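Down below is the structure, laid out as structure tokens.
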Amino acid sequence: MNHARHSEGAFETVIEGTMLANGYVPEPAAGFDRDRAIFPETVLAFIRDTQPKEWRALEALHGERTGAQILADLTKWMDREGSLATLRHGFKCYGKTLRVAFFKAAHGLNPELEARYRANRVGITRQLHFSKTAEKSLDVALSINGIPIASVELKNPMTGQTVDHALRQYRADRDAREPIFEFKRRMLVHFAADTDTVFMTTRLAGSATHFLPFNKGCDGGAGNAPDPKGRSYRTAYLWEEVLQRDSLLDLLARFIHLQIEEKRDDQGRKVKKETLVFPRYHQLEAVRALVDQAQREGVGNNYLIEHSAGSGKSNTIGWLTHRLASLHDDRNNRVFDSVIVITDRVVLDKQLQDTIYQFEHKHGVVQKIDESSRQLAEALESAVPIIITTLQKFPFVSRQLAKMAEERGEADGGTLKSRHCAVIIDEAHSSQGGETATDLKEVLGGQGLREEATKYMAENDEENVEELYRSMAKRGRQANLSFFAFTATPKHKTFKVFGRDDKPSHRYTMRQAIEEGFILDVLKHYTTYATYFRLLKASEDDPNVERKKAARALARFLKLHPHNVSQKTEVMIEHFHAATQHKIGGRAKAMVITGSRLEAVRYKQSFDRYIKEKGYAIKSLVAFSGVVTDDKLNDVTYTEEGMNLGVREKELPEVFATQEYQVLLVAEKYQTGFDQPLLHTMYVDRRLAGIQAVQTLSRLNRIHPLKEDTFILDFVNDRDEIREAFKIYFEGAEIGEEVDPARMYEIKSELDADGVYEAADVERFSAVYFKPRQRQSPNDHQLMNAALDPCVARFKELQKEKPDEAELWRGKMLAFCNLYGFLSQIIPYQDSDLERLYVFLRHLATKLPKRGSGPSYQFDDEVRLEYYRLQKISEGSISLSDGQANRLDGPSEVGTGALHEEAVPLSRLIDVVNDRFGTDFNQADQLFFDQIIEVAVLDAVLKQAAAVNPGDKFELVFRNLLEALFVERMDQNEEIFARFMNDRSFQKVVTGWLSSEAYRKLRLRTDDTIETLDPTASLLP
């Protein structure tokens, strides 16, 4: 008796009982036709009962052979078109379309459709004998109206067998040539499950069968959590939720689809690859949760979906788009008139259209906007159900709508009728909070935005300022728009604008994706090199130079030095030749991340020379935008297409995918959104930090059947900094320090008091900018410029007399615009003065003179490279499982920008640069500290403290200000900020050094003496 309770059969009995109690019917195994791989009597009974008119017409033609003819045509149709297409759209039999399944309508307006849906016979069969040659059976088979669509092999660990045994059974004992298993012709999905874990595949291929985990996740990682009530299996969700009757029919109708990709084979020929896509658990859960929420809450809400890179966002977006386009509320009204997908990915365009055509089987449901803003305006006016476009087209749509209205003879154009829209954003990030995004809101806000502006005016007792209040209203949430924002790397702003209670609506973490094998851990094999060198002054002159500009020029001198390029080229190519080239079945590829377009050009030349000298079978491509001029070679120019021997920019990803090319050298291209599973190795010669580091290195994480690992060789970055960047997103990002809205008013007061602009300037500009549309004229541009010009003149005077203060003012101006642009999306301000000032400053910023550029330096003749050595300093895995995750803090308040630079002798500057290289700090870090000192010495309290106190007493006053300065600049250098706040010994050293430098500068200024740079100063203990 005990054995019976613990057996695999008992496990099957529990599952069968649950499914029969939730809408399934028993489908006897004896009724299965092994040759046709269907339950023929069930198929015929369904057609006869639900389509009597068509049955009678066919019976008049075929008499007693009607059933046999229908079955013959059905099986031929499924063999040719596949069972999924047949279930969705039916098949032809002597001119009659017969349906073998009916799916739930999007609304409840047609009782006949509901009755047909209820007539579906969803069957469960235990121990189904399927083979024509042997007595083999499936534990559980599921069918729709006699057509088998899913199998489940079950194992019970209590009998010593686990899910691994089920996987082996599918691979070794299930012949893919059996009619029931032939790809897409009958069964569509196969599950292997035990009491703890589930796996899934849509294609049996013997030992090459690839199974994907189908688990809910547990504590942020892989697996399944135990039942909180302690009454059921960990895997009960499979038969209680996923395979439940209505859920299974919904999967067939709206999720499973055939993905067809055109790829080049090893000989360069185009071949079609077919993949039957079944949603992973996190995709299914996310789409259904979002759709249910949107149906309950209606329009006017925001949703954030934080899904790891490589987790299948394209398919998730496709499914969600289709569901939202046909979503109806409880009263059978459509929730959204149009669904607008904002993306820059060409792949997603085609995939969405192909996928939705399979669901709808009609054209015109999806429109891709690939021509002009007028095309977008026409699609919006026509309320096309699904529109795919880019964010950049929206600023011009109002103008197109106005033109179209004028062509129709309508007096008041430029505004859409109020429509309910769902906006799906692919790869949401902070730029979605910019002015282009508010242009989108303004266009889609339509008539409702105008009505909201009218309400604002009434509440504030103002007239003739509709444009001003529309400008304010468009920044906040709008009642007719819902946003669904997808990202793998959310920022603080993304959480605040799209999140709910500072959390995503759905999350699938990097940790779970790695543990489940959907993506690879790119930090598992990470090698870092250090560059040791010494620069010497080669000229007799010792000219005075600006410290920061000269430091940048020296860094550029080293990066582009032929010896540096050639040494790193040798390391990279020899590593690729010895290791990478043999990975992924000899098809592995590498990417080189360079620091500038000119570096990419020099590396491409160096790579080609070295490869030719060695005779290696390696070919490279280079990717950079525009034209690059090499001033060292008499201004010779280079283009990407020219260096790639005619390969056009649009063709490059496809050409790189062929076996002809192995290495891609990039400068600011293909570091995000580039999906190439054969990419195995990355060589990094560029500073990476924060989100950029995660996005760039994650290009390696895509899986391939033969890809076992990845490799990174880094010449520039610190392992700890890379670890901290990834740690934020490993188990899901958490929001950190908030922004104080009151600080925006403080900055406004400071800007008002500094005298660069006057209230009258803002009023003059606003009076023109916010004119009613019917009164706007070409002369307005001249008037707006005239209102800005006096402010520009005052700023120039300040820049001339007090350059430091001018740059501080510019920083405050940009900080105000940054804070208002962000906060106005999450706080419903009704302050028209803030809106006027924001628009005024945003336009003033474009007219202000650039920061004093000063001299630029070329040290080719004055400096020479005396000593150079590349040395491997670490290798191995960077672990993300230890320690606390960093949090995402809000935007800093003030970004001061560059300050006036002091002149120092070139020889002493070279000493400082040489002393600092090879340590934990680099040039950018030093600039960060220098900036803090320059801001500190402008503080009135510190000036007074330095004048009357010795250095140790001054430090007590300085320490109170320093933490505030760090917090204000946390976005500028998150690595230093985190270390300063968390490491007491580091904080002590930094405080002491910065205090002494600030004290020295203030004392020197007090004594009217000349400042000098201390070449021995060091931030290291």
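By convention here, the chains of the structure tokens are called A, B, ... in the order presented, each chain's residues are numbered starting at 1, and ligands are numbered starting at 1 in the order presented.
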So which residues touch segment 478-492 of chain A within 6 Å, counting only C-alpha atoms, skipping near sequence neighbours fewer than 3 positions away, as a list of chain:residue names? A:Val299, A:Gly300, A:Asn301, A:Asn302, A:Tyr303, A:Leu304, A:Ile305, A:Glu306, A:His307, A:Ser308, A:Ala309, A:His420, A:Cys421, A:Ala422, A:Val423, A:Ile424, A:Ile425, A:Asp426, A:Glu427, A:Ala428, A:Phe495, A:Leu888, A:Asp889, A:Gly890
Let's have the selection written as a PDB file, in the first residue's frame, with N, CA and C atoms.
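This went into out.pdb:
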```pdb
ATOM      1  N   VAL A 299      -7.671  52.714 -18.582  1.00  0.00           N
ATOM      2  CA  VAL A 299      -6.587  53.490 -19.184  1.00  0.00           C
ATOM      3  C   VAL A 299      -6.093  54.553 -18.200  1.00  0.00           C
ATOM      4  N   GLY A 300      -4.857  55.035 -18.430  1.00  0.00           N
ATOM      5  CA  GLY A 300      -4.315  56.121 -17.607  1.00  0.00           C
ATOM      6  C   GLY A 300      -3.329  55.685 -16.554  1.00  0.00           C
ATOM      7  N   ASN A 301      -2.686  54.517 -16.727  1.00  0.00           N
ATOM      8  CA  ASN A 301      -1.764  54.012 -15.713  1.00  0.00           C
ATOM      9  C   ASN A 301      -0.431  53.611 -16.343  1.00  0.00           C
ATOM     10  N   ASN A 302       0.592  53.550 -15.510  1.00  0.00           N
ATOM     11  CA  ASN A 302       1.931  53.183 -15.975  1.00  0.00           C
ATOM     12  C   ASN A 302       2.356  51.846 -15.380  1.00  0.00           C
ATOM     13  N   TYR A 303       3.140  51.085 -16.154  1.00  0.00           N
ATOM     14  CA  TYR A 303       3.608  49.772 -15.729  1.00  0.00           C
ATOM     15  C   TYR A 303       5.074  49.623 -16.135  1.00  0.00           C
ATOM     16  N   LEU A 304       5.903  49.138 -15.230  1.00  0.00           N
ATOM     17  CA  LEU A 304       7.323  48.911 -15.506  1.00  0.00           C
ATOM     18  C   LEU A 304       7.596  47.413 -15.484  1.00  0.00           C
ATOM     19  N   ILE A 305       8.233  46.906 -16.539  1.00  0.00           N
ATOM     20  CA  ILE A 305       8.562  45.478 -16.632  1.00  0.00           C
ATOM     21  C   ILE A 305      10.081  45.363 -16.669  1.00  0.00           C
ATOM     22  N   GLU A 306      10.668  44.857 -15.588  1.00  0.00           N
ATOM     23  CA  GLU A 306      12.117  44.715 -15.480  1.00  0.00           C
ATOM     24  C   GLU A 306      12.491  43.269 -15.792  1.00  0.00           C
ATOM     25  N   HIS A 307      12.843  43.017 -17.039  1.00  0.00           N
ATOM     26  CA  HIS A 307      13.213  41.675 -17.492  1.00  0.00           C
ATOM     27  C   HIS A 307      14.658  41.680 -17.958  1.00  0.00           C
ATOM     28  N   SER A 308      15.420  40.716 -17.488  1.00  0.00           N
ATOM     29  CA  SER A 308      16.840  40.631 -17.797  1.00  0.00           C
ATOM     30  C   SER A 308      17.091  40.591 -19.302  1.00  0.00           C
ATOM     31  N   ALA A 309      18.263  41.100 -19.700  1.00  0.00           N
ATOM     32  CA  ALA A 309      18.684  40.985 -21.106  1.00  0.00           C
ATOM     33  C   ALA A 309      18.706  39.513 -21.500  1.00  0.00           C
ATOM     34  N   HIS A 420      -8.032  56.483 -26.526  1.00  0.00           N
ATOM     35  CA  HIS A 420      -7.316  55.743 -25.490  1.00  0.00           C
ATOM     36  C   HIS A 420      -6.184  54.946 -26.138  1.00  0.00           C
ATOM     37  N   CYS A 421      -4.981  55.161 -25.661  1.00  0.00           N
ATOM     38  CA  CYS A 421      -3.818  54.500 -26.258  1.00  0.00           C
ATOM     39  C   CYS A 421      -2.983  53.792 -25.202  1.00  0.00           C
ATOM     40  N   ALA A 422      -2.464  52.640 -25.593  1.00  0.00           N
ATOM     41  CA  ALA A 422      -1.439  51.958 -24.795  1.00  0.00           C
ATOM     42  C   ALA A 422      -0.113  52.191 -25.503  1.00  0.00           C
ATOM     43  N   VAL A 423       0.889  52.655 -24.768  1.00  0.00           N
ATOM     44  CA  VAL A 423       2.210  52.913 -25.342  1.00  0.00           C
ATOM     45  C   VAL A 423       3.187  51.909 -24.735  1.00  0.00           C
ATOM     46  N   ILE A 424       3.753  51.051 -25.580  1.00  0.00           N
ATOM     47  CA  ILE A 424       4.723  50.051 -25.122  1.00  0.00           C
ATOM     48  C   ILE A 424       6.115  50.537 -25.506  1.00  0.00           C
ATOM     49  N   ILE A 425       6.982  50.687 -24.525  1.00  0.00           N
ATOM     50  CA  ILE A 425       8.324  51.225 -24.759  1.00  0.00           C
ATOM     51  C   ILE A 425       9.335  50.091 -24.652  1.00  0.00           C
ATOM     52  N   ASP A 426      10.033  49.871 -25.728  1.00  0.00           N
ATOM     53  CA  ASP A 426      11.078  48.848 -25.780  1.00  0.00           C
ATOM     54  C   ASP A 426      12.379  49.464 -25.282  1.00  0.00           C
ATOM     55  N   GLU A 427      12.949  48.887 -24.226  1.00  0.00           N
ATOM     56  CA  GLU A 427      14.174  49.409 -23.610  1.00  0.00           C
ATOM     57  C   GLU A 427      13.966  50.824 -23.089  1.00  0.00           C
ATOM     58  N   ALA A 428      13.097  50.951 -22.074  1.00  0.00           N
ATOM     59  CA  ALA A 428      12.868  52.250 -21.438  1.00  0.00           C
ATOM     60  C   ALA A 428      14.100  52.654 -20.649  1.00  0.00           C
ATOM     61  N   PHE A 495      12.105  54.058 -12.545  1.00  0.00           N
ATOM     62  CA  PHE A 495      11.254  53.561 -11.453  1.00  0.00           C
ATOM     63  C   PHE A 495      10.211  54.605 -11.069  1.00  0.00           C
ATOM     64  N   LEU A 888      19.631  52.405  -6.594  1.00  0.00           N
ATOM     65  CA  LEU A 888      19.557  53.449  -7.625  1.00  0.00           C
ATOM     66  C   LEU A 888      19.131  54.750  -6.974  1.00  0.00           C
ATOM     67  N   ASP A 889      20.050  55.712  -6.889  1.00  0.00           N
ATOM     68  CA  ASP A 889      19.739  56.995  -6.272  1.00  0.00           C
ATOM     69  C   ASP A 889      19.206  57.975  -7.308  1.00  0.00           C
ATOM     70  N   GLY A 890      18.511  58.982  -6.803  1.00  0.00           N
ATOM     71  CA  GLY A 890      17.903  59.975  -7.670  1.00  0.00           C
ATOM     72  C   GLY A 890      18.921  60.882  -8.326  1.00  0.00           C
TER      73      GLY A 890
END
```
If you take only C-alpha atoms and a cut-off of 12 Å, which residues of segment 689-804 of chain A touch segment 204-223 of chain A, and what are their nearest atom pairs and distances in Å to one decimal, in chain and number order, as JSON lines?
```
{"residue": "A:Ile703", "atom": "CA", "partner": "A:Leu212", "partner_atom": "CA", "distance": 11.6}
{"residue": "A:His704", "atom": "CA", "partner": "A:His210", "partner_atom": "CA", "distance": 10.5}
{"residue": "A:Pro705", "atom": "CA", "partner": "A:His210", "partner_atom": "CA", "distance": 8.0}
{"residue": "A:Leu706", "atom": "CA", "partner": "A:Ala208", "partner_atom": "CA", "distance": 10.7}
{"residue": "A:Tyr729", "atom": "CA", "partner": "A:Gly220", "partner_atom": "CA", "distance": 11.4}
{"residue": "A:Phe730", "atom": "CA", "partner": "A:Gly220", "partner_atom": "CA", "distance": 9.1}
{"residue": "A:Glu731", "atom": "CA", "partner": "A:Gly220", "partner_atom": "CA", "distance": 6.0}
{"residue": "A:Gly732", "atom": "CA", "partner": "A:Gly220", "partner_atom": "CA", "distance": 8.1}
{"residue": "A:Ala733", "atom": "CA", "partner": "A:Gly220", "partner_atom": "CA", "distance": 11.7}
```
Per DSSP on the backbone, filter segment 480-520 of chain A down to the residues in strand (DSSP E) and report them as an NGL selection string. :A and (481-487 or 506-508)
I need the residue nearest Arg686 of chain A from this list: A:Pro179, A:Pro778, A:Pro772, A:Gly595. Use only C-alpha atoms for the distance. A:Gly595
Counting only C-alpha atoms, which residue out of A:Ala172, A:Ile573, A:Val43, A:Val277 sits closest to Ala72 of chain A? A:Val43
Nearest-residue call for Thr710 of chain A, choices A:Leu814, A:Leu520, A:Leu788, A:Leu956, using only C-alpha atoms: A:Leu520
Based on DSSP run over this structure's backbone, return all residues of segment 670-794 of chain A in alpha helix (DSSP H), as a PyMOL selection string. chain A and resi 690-697+719-730+742-753+759-769+780-794
Measuring atom to atom with only C-alpha atoms, identify which of A:Ala101, A:Met158, A:Leu870, A:Val122 is nearest to Gln567 of chain A.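 The answer is A:Leu870, which sits nearest to Gln567 of chain A.
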Option closest in space to Ser874 of chain A, from A:Val655, A:Val768, A:Ile387, A:Ala530 [counting only C-alpha atoms]: A:Ala530
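Among the candidates A:Gly517, A:Arg280, A:Tyr820, A:Val100, the one nearest to Ala742 of chain A when counting only C-alpha atoms is A:Tyr820.
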Can you tell me which residues surround segment 27-32 of chain A at a distance of at most 9 Å, considering only C-alpha atoms, apart from same-chain residues fewer than 5 positions away, and format the answer as a PDB file with N, CA and C atoms, in the first residue's frame?
```
ATOM      1  N   ALA A  37      -2.291   9.750 -35.952  1.00  0.00           N
ATOM      2  CA  ALA A  37      -1.916  10.470 -34.728  1.00  0.00           C
ATOM      3  C   ALA A  37      -3.009  11.448 -34.298  1.00  0.00           C
ATOM      4  N   ILE A  38      -4.268  10.978 -34.312  1.00  0.00           N
ATOM      5  CA  ILE A  38      -5.401  11.748 -33.801  1.00  0.00           C
ATOM      6  C   ILE A  38      -6.390  10.784 -33.156  1.00  0.00           C
ATOM      7  N   PHE A  39      -7.394  11.364 -32.472  1.00  0.00           N
ATOM      8  CA  PHE A  39      -8.527  10.578 -31.977  1.00  0.00           C
ATOM      9  C   PHE A  39      -9.671  10.824 -32.972  1.00  0.00           C
ATOM     10  N   PRO A  40      -9.811   9.985 -34.002  1.00  0.00           N
ATOM     11  CA  PRO A  40     -10.724  10.299 -35.120  1.00  0.00           C
ATOM     12  C   PRO A  40     -12.174  10.485 -34.724  1.00  0.00           C
ATOM     13  N   GLU A  41     -12.707   9.638 -33.857  1.00  0.00           N
ATOM     14  CA  GLU A  41     -14.132   9.756 -33.508  1.00  0.00           C
ATOM     15  C   GLU A  41     -14.417  11.063 -32.782  1.00  0.00           C
ATOM     16  N   THR A  42     -13.479  11.498 -31.944  1.00  0.00           N
ATOM     17  CA  THR A  42     -13.675  12.770 -31.218  1.00  0.00           C
ATOM     18  C   THR A  42     -13.658  13.948 -32.185  1.00  0.00           C
ATOM     19  N   VAL A 122     -11.616  19.319 -24.317  1.00  0.00           N
ATOM     20  CA  VAL A 122     -10.204  19.312 -23.929  1.00  0.00           C
ATOM     21  C   VAL A 122      -9.962  18.021 -23.151  1.00  0.00           C
ATOM     22  N   GLY A 123      -9.211  17.113 -23.776  1.00  0.00           N
ATOM     23  CA  GLY A 123      -9.108  15.767 -23.225  1.00  0.00           C
ATOM     24  C   GLY A 123      -7.769  15.461 -22.570  1.00  0.00           C
ATOM     25  N   ILE A 124      -7.794  14.557 -21.606  1.00  0.00           N
ATOM     26  CA  ILE A 124      -6.587  14.048 -20.958  1.00  0.00           C
ATOM     27  C   ILE A 124      -6.571  12.530 -21.103  1.00  0.00           C
ATOM     28  N   THR A 125      -5.406  12.013 -21.500  1.00  0.00           N
ATOM     29  CA  THR A 125      -5.242  10.571 -21.686  1.00  0.00           C
ATOM     30  C   THR A 125      -4.030  10.110 -20.888  1.00  0.00           C
ATOM     31  N   ARG A 126      -4.211   9.108 -20.072  1.00  0.00           N
ATOM     32  CA  ARG A 126      -3.070   8.531 -19.353  1.00  0.00           C
ATOM     33  C   ARG A 126      -2.558   7.308 -20.108  1.00  0.00           C
ATOM     34  N   GLN A 127      -1.227   7.172 -20.105  1.00  0.00           N
ATOM     35  CA  GLN A 127      -0.562   6.027 -20.737  1.00  0.00           C
ATOM     36  C   GLN A 127      -1.028   5.843 -22.185  1.00  0.00           C
ATOM     37  N   LEU A 128      -0.785   6.840 -23.002  1.00  0.00           N
ATOM     38  CA  LEU A 128      -1.165   6.798 -24.410  1.00  0.00           C
ATOM     39  C   LEU A 128      -0.106   6.038 -25.212  1.00  0.00           C
ATOM     40  N   HIS A 129      -0.479   4.918 -25.784  1.00  0.00           N
ATOM     41  CA  HIS A 129       0.427   4.147 -26.648  1.00  0.00           C
ATOM     42  C   HIS A 129       0.429   4.791 -28.035  1.00  0.00           C
ATOM     43  N   PHE A 130       1.580   5.312 -28.436  1.00  0.00           N
ATOM     44  CA  PHE A 130       1.649   6.156 -29.626  1.00  0.00           C
ATOM     45  C   PHE A 130       2.398   5.529 -30.796  1.00  0.00           C
ATOM     46  N   LEU A 142      -2.412  15.437 -23.753  1.00  0.00           N
ATOM     47  CA  LEU A 142      -3.529  16.375 -23.750  1.00  0.00           C
ATOM     48  C   LEU A 142      -3.939  16.637 -25.193  1.00  0.00           C
ATOM     49  N   SER A 143      -5.235  16.760 -25.417  1.00  0.00           N
ATOM     50  CA  SER A 143      -5.736  16.946 -26.788  1.00  0.00           C
ATOM     51  C   SER A 143      -6.867  17.960 -26.815  1.00  0.00           C
ATOM     52  N   GLY A 146      -9.795  15.981 -30.077  1.00  0.00           N
ATOM     53  CA  GLY A 146      -9.234  14.801 -30.711  1.00  0.00           C
ATOM     54  C   GLY A 146      -7.874  15.008 -31.358  1.00  0.00           C
TER      55      GLY A 146
END
```
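Taking atom CA of Ala105 of chain A as the reference point, atom CA of Phe191 of chain A is found at 27.9 Å.
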